[in-house]
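Student: Dumping the structure here so I can ask a few things about it.
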Amino acid sequence: MATYRFGPYTVEASNEDKLLFPDDGLTKGDLIAYYHRIAPLLLPHLRDRPLALHRYPDGIQRDGFVQQACPDYFPAWIARATVEKEGGTITHAVCNNRATLVYLANQGVVTPHVWLSRTDRPRHPDRLVFDLDPPDDDTGLVRDAAQAVRALLDELDLPAYVMTTGSRGLHVVTPLDRSADYDTVRAFARDAADLLTHRHPDLLTTEPRRADRRGRLYLDTLRNAYGQTTVPPYAVRPRPGAPVATPLHWSEVDDPTLASDRYTIRNIFRRLGQIDDPWAGLARHAHALRAPRERLDALRATD
């Protein structure tokens with residue numbers, strides 16, 4: 001049993017030999033070690049955000065579960081946030097330090113999903129997300145879609161950041177200054193997606209029903225709503241190989257061999273030893289949506 005000490009906080013790791021990714025021989029100890037090492041890059045994307053914890057205590061070959069409410073048995077030193085929900089309130093765990101991240105991994109949390117807003121202003125997101133969900137493993141389709149989203153954001157004078165999800169698709173993210181509430185952000189994202197599907201009708205769709213997509217990529221903006229969550233950069237996904245959601249440089253999106261599960265807990269640090277973090281300083285580029293909203297409305301009127 002390993003003991004991790006972080007100043008006044010101590011985490012006693014248990015059952016480190018338990019296989020969480022049995023086909024890959026990866027244990028809970030490997031997951032803990034990964035999150036301990038990646039913490040400096042991951043924590044800026046977790047800090048002060050309510051979490052939904054995707055837990056696989058018996059390994060990814062078994063059914064996992066998503067835990068929204070922070071359990072009573074979590075240590076008192078783990079931060080919590082109580083937010084409104086329909087009919088009342090709910091208290092989420094919040095990961096503000098490496099000790100919490102290691103504790104969560106020891107609890108079998110493979111993926112800590114995050115809100116798009118922070119605890120001090122939970123109804124004002126600081127990120128807008130386009131989730132690019134391809135119908136299959138066609139990487140060309142998702143790469144073309146990402147470049148189409150980026151081109152529109154350029155027209156709207158908004159920054160665009162891209163990452164693999166560790167699953168099949170990509171996320172394109174714009175940092176926001178929190179001047180807009182969720183309803184405003186969601187409406188903006190929906191209208192931008194509608195314009196994109198108008199421009200690229202054979203490539204993109206906003207049809208929620210798979211049967212209606214007809215081989216097109218689903219441009220999902222539903223995560224831009226109060227209480228919804230998204231996978232943060234450098235989080236592990238519960239899939240074979242233990243893939244990691246990985247920020248990319250835009251030049252990498254042009255690579256025809258790009259796969260959303262290319263980077264894993266076994267090779268991500270080799271990548272990070274060769275390139276700078278593409279999302280470093282993302283928050284410094286946060287924008288308001290007022291002027292982009294006016295530009296978007298003008299484009300929708302003329303396209």
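Letters A, B, ... mark the chains of the structure tokens in the order given; residue numbers begin at 1 per chain; ligand numbers begin at 1, in order shown.
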Excluding Cys95 (chain A) and residues on its chain fewer than 2 positions from it, collect all residues at most 12 Å away from it, counting only C-alpha atoms, and give them as an MDAnalysis selection string.

Tutor: chainID A and resid 35 39 42:53 70 74 77:81 92:93 97:105 112:115 118:119

Student: Counting only C-alpha atoms, which residues in region 95-121 of chain A sit no more than 10 Å from region 170-191 of chain A? For each one, give the nearest pair of atoms and the distance in Å, sorted by chain then residue number, as JSON lines.

Tutor:
```
{"residue": "A:Leu116", "atom": "CA", "partner": "A:Tyr182", "partner_atom": "CA", "distance": 9.3}
{"residue": "A:Ser117", "atom": "CA", "partner": "A:Arg178", "partner_atom": "CA", "distance": 8.3}
{"residue": "A:Arg118", "atom": "CA", "partner": "A:Arg178", "partner_atom": "CA", "distance": 9.6}
{"residue": "A:Arg121", "atom": "CA", "partner": "A:Arg178", "partner_atom": "CA", "distance": 8.2}
```

Student: Filtering to all heavy atoms, could you give me those residues as a compact mmCIF listing (two decimals), in the first residue's frame?

Tutor:
```
# COMPACT_ATOMS: atom_id res chain seq x y z
N LEU A 116 -18.85 23.40 -17.30
CA LEU A 116 -18.24 24.46 -18.11
C LEU A 116 -18.19 25.78 -17.36
O LEU A 116 -17.70 26.78 -17.89
CB LEU A 116 -19.02 24.65 -19.41
CG LEU A 116 -18.99 23.45 -20.37
CD1 LEU A 116 -19.85 23.74 -21.60
CD2 LEU A 116 -17.57 23.12 -20.78
N SER A 117 -18.68 25.81 -16.14
CA SER A 117 -18.65 27.00 -15.30
C SER A 117 -17.97 26.67 -13.99
O SER A 117 -17.80 25.50 -13.62
CB SER A 117 -20.07 27.53 -15.04
OG SER A 117 -20.90 26.51 -14.53
N ARG A 118 -17.62 27.73 -13.25
CA ARG A 118 -16.92 27.58 -11.98
C ARG A 118 -17.88 27.84 -10.82
O ARG A 118 -18.96 28.38 -10.99
CB ARG A 118 -15.71 28.52 -11.93
CG ARG A 118 -14.67 28.17 -12.99
CD ARG A 118 -13.44 29.05 -12.89
NE ARG A 118 -12.47 28.74 -13.93
CZ ARG A 118 -11.52 27.82 -13.84
NH1 ARG A 118 -11.40 27.11 -12.72
NH2 ARG A 118 -10.70 27.60 -14.83
N ARG A 121 -19.53 31.37 -10.00
CA ARG A 121 -20.59 31.86 -10.89
C ARG A 121 -21.10 30.69 -11.72
O ARG A 121 -20.85 30.57 -12.91
CB ARG A 121 -20.06 32.98 -11.82
CG ARG A 121 -19.53 34.20 -11.08
CD ARG A 121 -19.20 35.32 -12.06
NE ARG A 121 -20.41 35.90 -12.63
CZ ARG A 121 -20.41 36.74 -13.68
NH1 ARG A 121 -19.28 37.06 -14.28
NH2 ARG A 121 -21.54 37.24 -14.13
```

Student: Using DSSP on the backbone coordinates, identify all residues within region 158-231 of chain A classified as helix (DSSP H, G or I); present the result as a VMD selection string.

Tutor: chain A and resid 182 to 199 210 to 212

Student: What is the distance, in Å and to one decimal place, between CA of Pro292 (chain A) and CA of Arg150 (chain A)?

Tutor: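 CA of Pro292 (chain A) sits 13.8 Å away from CA of Arg150 (chain A).
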
Student: As a PyMOL selection string, please: every residue in region 45-251 of chain A that DSSP puts in strand (DSSP E or B).

Tutor: chain A and resi 50-55+65-67+79-85+88-94+109-115+127-133+161-164+170-176+204-205+217-220+229-230+236+243-244+247-248

Student: What does the distance between CA of Tyr263 (chain A) and CA of Thr246 (chain A) come to in Å, to one decimal place?

Tutor: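 One can read the CA of Tyr263 (chain A) to CA of Thr246 (chain A) distance as 6.9 Å.
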
Student: With distances taken over only C-alpha atoms, which of A:Val244, A:Val149, A:Ala2, A:Leu31 is nearest to Leu204 (chain A)?

Tutor: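 When distances to Leu204 (chain A) are compared using only C-alpha atoms, the smallest one comes from A:Val149.
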
Student: What's around region 13-20 of chain A at 6 Å? Count only C-alpha atoms, leave out sequence neighbours fewer than 6 positions away in its own chain, and write the answer as a PDB file with N, CA, C and O atoms, in the first residue's frame.

Tutor:
```pdb
ATOM      1  N   MET A   1       0.850  -1.193   0.000  1.00  0.00           N
ATOM      2  CA  MET A   1       0.000   0.000   0.000  1.00  0.00           C
ATOM      3  C   MET A   1       0.883   1.240   0.000  1.00  0.00           C
ATOM      4  O   MET A   1       1.699   1.431   0.907  1.00  0.00           O
ATOM      5  N   ALA A   2       0.718   2.072  -1.008  1.00  0.00           N
ATOM      6  CA  ALA A   2       1.511   3.298  -1.105  1.00  0.00           C
ATOM      7  C   ALA A   2       0.832   4.416  -0.326  1.00  0.00           C
ATOM      8  O   ALA A   2      -0.399   4.484  -0.260  1.00  0.00           O
ATOM      9  N   LEU A  26      -3.292  -2.753 -17.205  1.00  0.00           N
ATOM     10  CA  LEU A  26      -3.154  -1.510 -16.450  1.00  0.00           C
ATOM     11  C   LEU A  26      -3.975  -1.587 -15.169  1.00  0.00           C
ATOM     12  O   LEU A  26      -5.161  -1.948 -15.191  1.00  0.00           O
ATOM     13  N   THR A  27      -3.347  -1.228 -14.069  1.00  0.00           N
ATOM     14  CA  THR A  27      -3.942  -1.382 -12.750  1.00  0.00           C
ATOM     15  C   THR A  27      -4.402  -0.038 -12.181  1.00  0.00           C
ATOM     16  O   THR A  27      -4.127   1.027 -12.744  1.00  0.00           O
ATOM     17  N   LYS A  28      -5.053  -0.146 -11.028  1.00  0.00           N
ATOM     18  CA  LYS A  28      -5.420   1.077 -10.326  1.00  0.00           C
ATOM     19  C   LYS A  28      -4.175   1.858  -9.924  1.00  0.00           C
ATOM     20  O   LYS A  28      -4.171   3.096  -9.923  1.00  0.00           O
ATOM     21  N   GLY A  29      -3.119   1.152  -9.591  1.00  0.00           N
ATOM     22  CA  GLY A  29      -1.872   1.826  -9.285  1.00  0.00           C
ATOM     23  C   GLY A  29      -1.348   2.631 -10.456  1.00  0.00           C
ATOM     24  O   GLY A  29      -0.804   3.732 -10.276  1.00  0.00           O
ATOM     25  N   GLY A  59     -13.096  -2.194 -12.696  1.00  0.00           N
ATOM     26  CA  GLY A  59     -12.478  -2.241 -14.017  1.00  0.00           C
ATOM     27  C   GLY A  59     -13.461  -1.895 -15.121  1.00  0.00           C
ATOM     28  O   GLY A  59     -14.688  -1.999 -14.961  1.00  0.00           O
ATOM     29  N   ILE A  60     -12.922  -1.482 -16.271  1.00  0.00           N
ATOM     30  CA  ILE A  60     -13.792  -1.003 -17.352  1.00  0.00           C
ATOM     31  C   ILE A  60     -14.540  -2.123 -18.050  1.00  0.00           C
ATOM     32  O   ILE A  60     -15.453  -1.851 -18.838  1.00  0.00           O
ATOM     33  N   ASN A 106      -7.870   6.736  -6.586  1.00  0.00           N
ATOM     34  CA  ASN A 106      -7.906   5.605  -5.671  1.00  0.00           C
ATOM     35  C   ASN A 106      -9.326   5.097  -5.444  1.00  0.00           C
ATOM     36  O   ASN A 106      -9.526   3.939  -5.074  1.00  0.00           O
TER      37      ASN A 106
END
```
